[in-house]
Amino acid sequence: MKIRGLIAIILNYKDFDSSINIASRLLLNNGINKVIIVDNYSQNNSYEIISQRFYGDEKVDVILNNKNSGYAQGNNLGIRHAIKSNYIGDYLIVNPDTDINKDQFEIFLSNFYKLKDIHGSALGCVGPRIQGVGSGGWNIPTLFDDIIDNFLFSKRLIKRFKNNDRSYPIMEVEVVSGCFFAISSSVFKKINLFDEDTFLYCEERIIANKLKSIKCKSFIIENSEVIHNHTFATNWKSEFKSYKELVKSRIIYHKKYDKTNNFKDLLYKISVVIGKIERIAYFKIKELKNKL
């Protein structure tokens with residue numbers, strides 16, 4: 001008998017309330033075989049609080065990472081725990097700051113398995129639409145895309161005129177948002193899970209690149225929606241910190257997967273310097289306006 005169901009992996013870092021909330025909501029669905037919550041070495045008793053909340057629940061495993069090793073390695077720890085434990089099911093990668101209601105999840109799940117029946121081992125990632133953002137998928141960014149994205153003005157201008165076509169209930173894309181997606185366990189193992197060279201950011205495009213190399217197709221279920229309560233930087237220091245981490249991951253991506261040369265690397269680094277200056281200036285002006 002073929003068992004169908006998902007093993008949900010939730011990576012927690014200091015946000016036990018959100019992790020508990022999304023885990024509890026996922027458990028209301030019949031399509032969830034197991035929930036694995038990985039605490040990424042939070043320093044606020046997250047592991048103890050989450051463990052106590054799900055104590056005795058056979059469908060939930062709570063495990064502790066021995067260091068905060070980033071998004072990719074933390075999620076891989078949860079997946080390897082599932083493999084070692086011989087849990088049956090495909091993988092659902094879920095950020096703690098996401099939410100999806102039962103009806104929307106059922107639409108998502110049924111379409112995931114329909115796509116799996118059609119494409120088999122050639123199916124990559126499947127994600128829902130992200131509320132307020134548009135389609136949860138896009139093309140793999142090029143080096144030029146990332147250079148343009150470093151400049152705040154051009155970045156905002158492109159977003160304003162970007163066309164988010166939602167004319168089809170299921171849309172093929174290259175990259176699926178990493179905040180909430182399902183993937184066949186066999187395919188994920190074939191591409192060796194997440195790339196642990198990155199600490200944060202660019203995980204989705206790396207997965208997309210690896211899936212493309214083995215000719216897998218990814219899709220967005222446009223009539224299923226997830227809420228992503230993403231937090232944005234409110235001052236230049238937090239923006240600068242996030243931006244530096246993003247830049248670091250993009251450099252790793254382009255070096256490792258785009259095989260960029262020294263000239264292209266130099267162009268990108270120049271755009272990064274300009275981008276840093278722009279971000280500091282933007283938040284400084286914003287802070288000044290708030291004081292007036």
# chains A, B, ... in the order shown; residues from 1 in each chain; ligands from 1
>>> residues_around(residues="region 34-38 of chain A", least_positions_apart="6", cutoff="8 Å", atoms="only C-alpha atoms", output="MDAnalysis selection string")
chainID A and resid 6:12 19 23 27 59:65 74:75 77:78 82 87
>>> write_last_selection(atoms="N, CA, C and O atoms", output="PDB file, in the first residue's frame")
ATOM      1  N   LEU A   6       2.909  14.162   4.109  1.00  0.00           N
ATOM      2  CA  LEU A   6       4.075  15.029   4.171  1.00  0.00           C
ATOM      3  C   LEU A   6       4.719  15.015   5.552  1.00  0.00           C
ATOM      4  O   LEU A   6       4.036  14.903   6.565  1.00  0.00           O
ATOM      5  N   ILE A   7       6.034  15.131   5.555  1.00  0.00           N
ATOM      6  CA  ILE A   7       6.783  15.339   6.790  1.00  0.00           C
ATOM      7  C   ILE A   7       7.150  16.813   6.818  1.00  0.00           C
ATOM      8  O   ILE A   7       7.937  17.281   5.988  1.00  0.00           O
ATOM      9  N   ALA A   8       6.548  17.558   7.733  1.00  0.00           N
ATOM     10  CA  ALA A   8       6.787  18.999   7.817  1.00  0.00           C
ATOM     11  C   ALA A   8       8.032  19.271   8.642  1.00  0.00           C
ATOM     12  O   ALA A   8       8.181  18.753   9.751  1.00  0.00           O
ATOM     13  N   ILE A   9       8.921  20.092   8.093  1.00  0.00           N
ATOM     14  CA  ILE A   9      10.140  20.513   8.781  1.00  0.00           C
ATOM     15  C   ILE A   9      10.003  21.992   9.116  1.00  0.00           C
ATOM     16  O   ILE A   9       9.833  22.834   8.222  1.00  0.00           O
ATOM     17  N   ILE A  10      10.063  22.318  10.403  1.00  0.00           N
ATOM     18  CA  ILE A  10       9.957  23.704  10.855  1.00  0.00           C
ATOM     19  C   ILE A  10      11.246  24.070  11.583  1.00  0.00           C
ATOM     20  O   ILE A  10      11.616  23.414  12.555  1.00  0.00           O
ATOM     21  N   LEU A  11      11.924  25.101  11.098  1.00  0.00           N
ATOM     22  CA  LEU A  11      13.169  25.545  11.731  1.00  0.00           C
ATOM     23  C   LEU A  11      12.867  26.733  12.640  1.00  0.00           C
ATOM     24  O   LEU A  11      12.455  27.800  12.176  1.00  0.00           O
ATOM     25  N   ASN A  12      13.071  26.536  13.934  1.00  0.00           N
ATOM     26  CA  ASN A  12      12.795  27.587  14.908  1.00  0.00           C
ATOM     27  C   ASN A  12      14.079  28.284  15.344  1.00  0.00           C
ATOM     28  O   ASN A  12      15.090  27.640  15.605  1.00  0.00           O
ATOM     29  N   SER A  19       6.369  29.003  15.901  1.00  0.00           N
ATOM     30  CA  SER A  19       6.628  27.590  15.574  1.00  0.00           C
ATOM     31  C   SER A  19       5.531  26.688  16.122  1.00  0.00           C
ATOM     32  O   SER A  19       5.072  25.764  15.447  1.00  0.00           O
ATOM     33  N   ALA A  23       2.852  24.642  13.674  1.00  0.00           N
ATOM     34  CA  ALA A  23       2.862  23.182  13.868  1.00  0.00           C
ATOM     35  C   ALA A  23       1.478  22.687  14.266  1.00  0.00           C
ATOM     36  O   ALA A  23       0.994  21.670  13.747  1.00  0.00           O
ATOM     37  N   LEU A  27      -1.015  20.149  12.052  1.00  0.00           N
ATOM     38  CA  LEU A  27      -1.455  18.867  12.615  1.00  0.00           C
ATOM     39  C   LEU A  27      -2.964  18.641  12.473  1.00  0.00           C
ATOM     40  O   LEU A  27      -3.448  17.524  12.643  1.00  0.00           O
ATOM     41  N   LYS A  59       3.119  12.530  16.818  1.00  0.00           N
ATOM     42  CA  LYS A  59       3.300  13.061  15.471  1.00  0.00           C
ATOM     43  C   LYS A  59       4.325  14.186  15.420  1.00  0.00           C
ATOM     44  O   LYS A  59       4.636  14.709  14.347  1.00  0.00           O
ATOM     45  N   VAL A  60       4.848  14.578  16.592  1.00  0.00           N
ATOM     46  CA  VAL A  60       5.786  15.707  16.634  1.00  0.00           C
ATOM     47  C   VAL A  60       7.110  15.292  17.268  1.00  0.00           C
ATOM     48  O   VAL A  60       7.126  14.721  18.364  1.00  0.00           O
ATOM     49  N   ASP A  61       8.208  15.581  16.565  1.00  0.00           N
ATOM     50  CA  ASP A  61       9.549  15.430  17.128  1.00  0.00           C
ATOM     51  C   ASP A  61      10.163  16.814  17.265  1.00  0.00           C
ATOM     52  O   ASP A  61      10.094  17.622  16.311  1.00  0.00           O
ATOM     53  N   VAL A  62      10.748  17.086  18.405  1.00  0.00           N
ATOM     54  CA  VAL A  62      11.445  18.351  18.620  1.00  0.00           C
ATOM     55  C   VAL A  62      12.913  18.026  18.846  1.00  0.00           C
ATOM     56  O   VAL A  62      13.250  17.268  19.761  1.00  0.00           O
ATOM     57  N   ILE A  63      13.768  18.564  18.000  1.00  0.00           N
ATOM     58  CA  ILE A  63      15.191  18.279  18.149  1.00  0.00           C
ATOM     59  C   ILE A  63      15.981  19.577  18.283  1.00  0.00           C
ATOM     60  O   ILE A  63      15.550  20.639  17.820  1.00  0.00           O
ATOM     61  N   LEU A  64      17.143  19.481  18.894  1.00  0.00           N
ATOM     62  CA  LEU A  64      17.963  20.661  19.185  1.00  0.00           C
ATOM     63  C   LEU A  64      19.260  20.604  18.397  1.00  0.00           C
ATOM     64  O   LEU A  64      19.987  19.610  18.440  1.00  0.00           O
ATOM     65  N   ASN A  65      19.528  21.671  17.665  1.00  0.00           N
ATOM     66  CA  ASN A  65      20.814  21.809  17.000  1.00  0.00           C
ATOM     67  C   ASN A  65      21.843  22.272  18.029  1.00  0.00           C
ATOM     68  O   ASN A  65      21.510  23.057  18.929  1.00  0.00           O
ATOM     69  N   GLY A  74      20.217  23.836   9.320  1.00  0.00           N
ATOM     70  CA  GLY A  74      19.170  23.544  10.303  1.00  0.00           C
ATOM     71  C   GLY A  74      18.052  22.706   9.722  1.00  0.00           C
ATOM     72  O   GLY A  74      17.591  21.740  10.337  1.00  0.00           O
ATOM     73  N   ASN A  75      17.607  23.065   8.515  1.00  0.00           N
ATOM     74  CA  ASN A  75      16.569  22.269   7.841  1.00  0.00           C
ATOM     75  C   ASN A  75      17.079  20.883   7.471  1.00  0.00           C
ATOM     76  O   ASN A  75      16.360  19.887   7.595  1.00  0.00           O
ATOM     77  N   LEU A  77      19.206  19.175   9.068  1.00  0.00           N
ATOM     78  CA  LEU A  77      19.233  18.388  10.300  1.00  0.00           C
ATOM     79  C   LEU A  77      17.884  17.709  10.524  1.00  0.00           C
ATOM     80  O   LEU A  77      17.819  16.525  10.886  1.00  0.00           O
ATOM     81  N   GLY A  78      16.799  18.455  10.286  1.00  0.00           N
ATOM     82  CA  GLY A  78      15.454  17.890  10.427  1.00  0.00           C
ATOM     83  C   GLY A  78      15.171  16.808   9.407  1.00  0.00           C
ATOM     84  O   GLY A  78      14.581  15.766   9.727  1.00  0.00           O
ATOM     85  N   ALA A  82      14.516  12.684   9.865  1.00  0.00           N
ATOM     86  CA  ALA A  82      13.405  11.931   9.270  1.00  0.00           C
ATOM     87  C   ALA A  82      13.916  10.694   8.544  1.00  0.00           C
ATOM     88  O   ALA A  82      13.334   9.606   8.656  1.00  0.00           O
ATOM     89  N   TYR A  87      10.999   7.688   8.605  1.00  0.00           N
ATOM     90  CA  TYR A  87       9.653   8.242   8.435  1.00  0.00           C
ATOM     91  C   TYR A  87       9.284   8.231   6.966  1.00  0.00           C
ATOM     92  O   TYR A  87      10.111   8.541   6.097  1.00  0.00           O
TER      93      TYR A  87
END
>>> select_by_dssp(residues="region 4-167 of chain A", states="alpha helix (DSSP H)", output="VMD selection string")
chain A and resid 16 to 26 46 to 53 71 to 84 102 to 119 143 to 150 152 to 161
>>> atom_distance(atom1="CA of Val272 (chain A)", atom2="CA of Glu204 (chain A)")
21.0 Å
>>> closest_residue(among="A:Gly275, A:Gly70, A:Gly124, A:Gly178", to="Ile214 (chain A)", atoms="only C-alpha atoms")
A:Gly124
>>> residues_around(residues="Lys189 (chain A)", least_positions_apart="5", cutoff="12 Å", atoms="only C-alpha atoms", output="number ranges by chain")
A: 76, 79-80, 82-83, 90-91, 121, 124, 183-184, 194-195, 207, 210-211
>>> write_last_selection(atoms="all heavy atoms", output="short mmCIF file (atom, residue, chain, number, x, y, z; two decimals), in the first residue's frame")
data_model
loop_
_atom_site.label_atom_id
_atom_site.label_comp_id
_atom_site.auth_asym_id
_atom_site.auth_seq_id
_atom_site.Cartn_x
_atom_site.Cartn_y
_atom_site.Cartn_z
N ASN A 76 18.32 20.82 7.02
CA ASN A 76 18.90 19.51 6.69
C ASN A 76 18.96 18.60 7.90
O ASN A 76 18.79 17.38 7.78
CB ASN A 76 20.31 19.69 6.11
CG ASN A 76 20.30 20.09 4.64
OD1 ASN A 76 19.26 20.09 4.00
ND2 ASN A 76 21.46 20.43 4.12
N ILE A 79 15.61 17.03 8.17
CA ILE A 79 15.39 16.03 7.11
C ILE A 79 16.18 14.76 7.38
O ILE A 79 15.68 13.65 7.23
CB ILE A 79 15.76 16.63 5.74
CG1 ILE A 79 14.81 17.79 5.40
CG2 ILE A 79 15.68 15.56 4.65
CD1 ILE A 79 15.30 18.68 4.28
N ARG A 80 17.42 14.93 7.81
CA ARG A 80 18.25 13.75 8.11
C ARG A 80 17.71 12.97 9.31
O ARG A 80 17.84 11.74 9.37
CB ARG A 80 19.70 14.19 8.35
CG ARG A 80 20.37 14.68 7.07
CD ARG A 80 21.86 14.89 7.24
NE ARG A 80 22.45 15.33 5.98
CZ ARG A 80 22.89 16.56 5.74
NH1 ARG A 80 22.85 17.47 6.71
NH2 ARG A 80 23.40 16.88 4.57
N ALA A 82 14.52 12.68 9.86
CA ALA A 82 13.40 11.93 9.27
C ALA A 82 13.92 10.69 8.54
O ALA A 82 13.33 9.61 8.66
CB ALA A 82 12.63 12.83 8.31
N ILE A 83 15.03 10.85 7.81
CA ILE A 83 15.61 9.72 7.07
C ILE A 83 16.10 8.65 8.05
O ILE A 83 15.82 7.45 7.87
CB ILE A 83 16.76 10.20 6.16
CG1 ILE A 83 16.23 11.13 5.06
CG2 ILE A 83 17.50 9.01 5.55
CD1 ILE A 83 17.30 11.89 4.31
N ASP A 90 6.85 12.67 1.80
CA ASP A 90 7.61 13.72 1.14
C ASP A 90 7.80 14.87 2.12
O ASP A 90 7.20 14.89 3.19
CB ASP A 90 6.89 14.16 -0.13
CG ASP A 90 6.79 13.02 -1.14
OD1 ASP A 90 7.82 12.39 -1.40
OD2 ASP A 90 5.68 12.75 -1.64
N TYR A 91 8.61 15.85 1.72
CA TYR A 91 8.97 16.91 2.67
C TYR A 91 8.20 18.21 2.41
O TYR A 91 8.01 18.62 1.26
CB TYR A 91 10.46 17.18 2.62
CG TYR A 91 11.29 15.95 2.94
CD1 TYR A 91 12.24 15.47 2.05
CD2 TYR A 91 11.09 15.26 4.13
CE1 TYR A 91 12.97 14.32 2.34
CE2 TYR A 91 11.82 14.12 4.43
CZ TYR A 91 12.76 13.66 3.53
OH TYR A 91 13.48 12.52 3.82
N SER A 121 9.25 11.43 -11.06
CA SER A 121 10.57 11.83 -10.56
C SER A 121 11.08 13.12 -11.20
O SER A 121 12.16 13.60 -10.86
CB SER A 121 11.58 10.71 -10.81
OG SER A 121 11.69 10.43 -12.20
N GLY A 124 9.83 18.90 -9.29
CA GLY A 124 10.70 19.59 -8.34
C GLY A 124 9.93 20.10 -7.15
O GLY A 124 9.25 19.36 -6.45
N ILE A 183 8.32 18.99 -1.60
CA ILE A 183 9.21 18.38 -2.57
C ILE A 183 9.27 16.88 -2.30
O ILE A 183 9.26 16.45 -1.14
CB ILE A 183 10.62 19.02 -2.52
CG1 ILE A 183 11.52 18.46 -3.63
CG2 ILE A 183 11.27 18.87 -1.16
CD1 ILE A 183 12.82 19.23 -3.82
N SER A 184 9.33 16.10 -3.34
CA SER A 184 9.45 14.65 -3.21
C SER A 184 10.71 14.30 -2.42
O SER A 184 11.77 14.86 -2.66
CB SER A 184 9.51 14.03 -4.61
OG SER A 184 10.05 12.73 -4.57
N PHE A 194 19.55 20.82 1.05
CA PHE A 194 19.97 22.22 0.97
C PHE A 194 21.49 22.31 0.88
O PHE A 194 22.21 21.47 1.43
CB PHE A 194 19.51 22.99 2.22
CG PHE A 194 18.04 23.30 2.26
CD1 PHE A 194 17.18 22.52 3.00
CD2 PHE A 194 17.52 24.40 1.59
CE1 PHE A 194 15.81 22.81 3.08
CE2 PHE A 194 16.18 24.70 1.64
CZ PHE A 194 15.32 23.91 2.38
N ASP A 195 21.98 23.36 0.25
CA ASP A 195 23.42 23.62 0.19
C ASP A 195 23.82 24.34 1.48
O ASP A 195 23.41 25.47 1.73
CB ASP A 195 23.74 24.49 -1.03
CG ASP A 195 25.22 24.68 -1.24
OD1 ASP A 195 25.98 24.68 -0.25
OD2 ASP A 195 25.65 24.86 -2.39
N ILE A 207 18.42 25.51 -4.90
CA ILE A 207 17.59 24.32 -5.14
C ILE A 207 17.08 24.31 -6.57
O ILE A 207 17.12 23.30 -7.26
CB ILE A 207 16.42 24.26 -4.14
CG1 ILE A 207 16.93 23.92 -2.74
CG2 ILE A 207 15.38 23.24 -4.58
CD1 ILE A 207 15.89 24.01 -1.67
N LYS A 210 19.80 23.30 -8.96
CA LYS A 210 20.09 21.86 -8.89
C LYS A 210 18.96 21.05 -9.53
O LYS A 210 19.20 20.04 -10.19
CB LYS A 210 20.33 21.43 -7.44
CG LYS A 210 21.60 22.02 -6.85
CD LYS A 210 22.07 21.28 -5.61
CE LYS A 210 21.29 21.60 -4.39
NZ LYS A 210 21.86 20.96 -3.17
N LEU A 211 17.72 21.49 -9.33
CA LEU A 211 16.58 20.79 -9.94
C LEU A 211 16.61 20.93 -11.46
O LEU A 211 16.32 19.98 -12.19
CB LEU A 211 15.26 21.35 -9.39
CG LEU A 211 14.92 21.00 -7.95
CD1 LEU A 211 13.71 21.79 -7.48
CD2 LEU A 211 14.65 19.50 -7.79
#
>>> closest_residue(among="A:Arg279, A:Lys67, A:Lys102, A:His81", to="Leu28 (chain A)", atoms="only C-alpha atoms")
A:Lys102
>>> select_by_dssp(residues="region 26-220 of chain A", states="strand (DSSP E or B)", output="ChimeraX atom specification")
/A:32-39,60-64,90-94,98-99,123-130,134,137-138,170-173,175-176,180-183,217-220
>>> closest_residue(among="A:Ala182, A:Leu152, A:Ile140, A:Val94", to="Phe108 (chain A)", atoms="only C-alpha atoms")
A:Ala182
>>> closest_residue(among="A:Ile227, A:Ile148, A:Ile107, A:Met171", to="Ile270 (chain A)", atoms="only C-alpha atoms")
A:Ile148
>>> closest_residue(among="A:Val175, A:Asn29, A:Tyr268, A:Asn209", to="Asn101 (chain A)", atoms="only C-alpha atoms")
A:Asn29
>>> atom_distance(atom1="CA of Phe54 (chain A)", atom2="CA of Ser177 (chain A)")
27.9 Å
>>> atom_distance(atom1="CA of Ser224 (chain A)", atom2="CA of Phe188 (chain A)")
22.6 Å
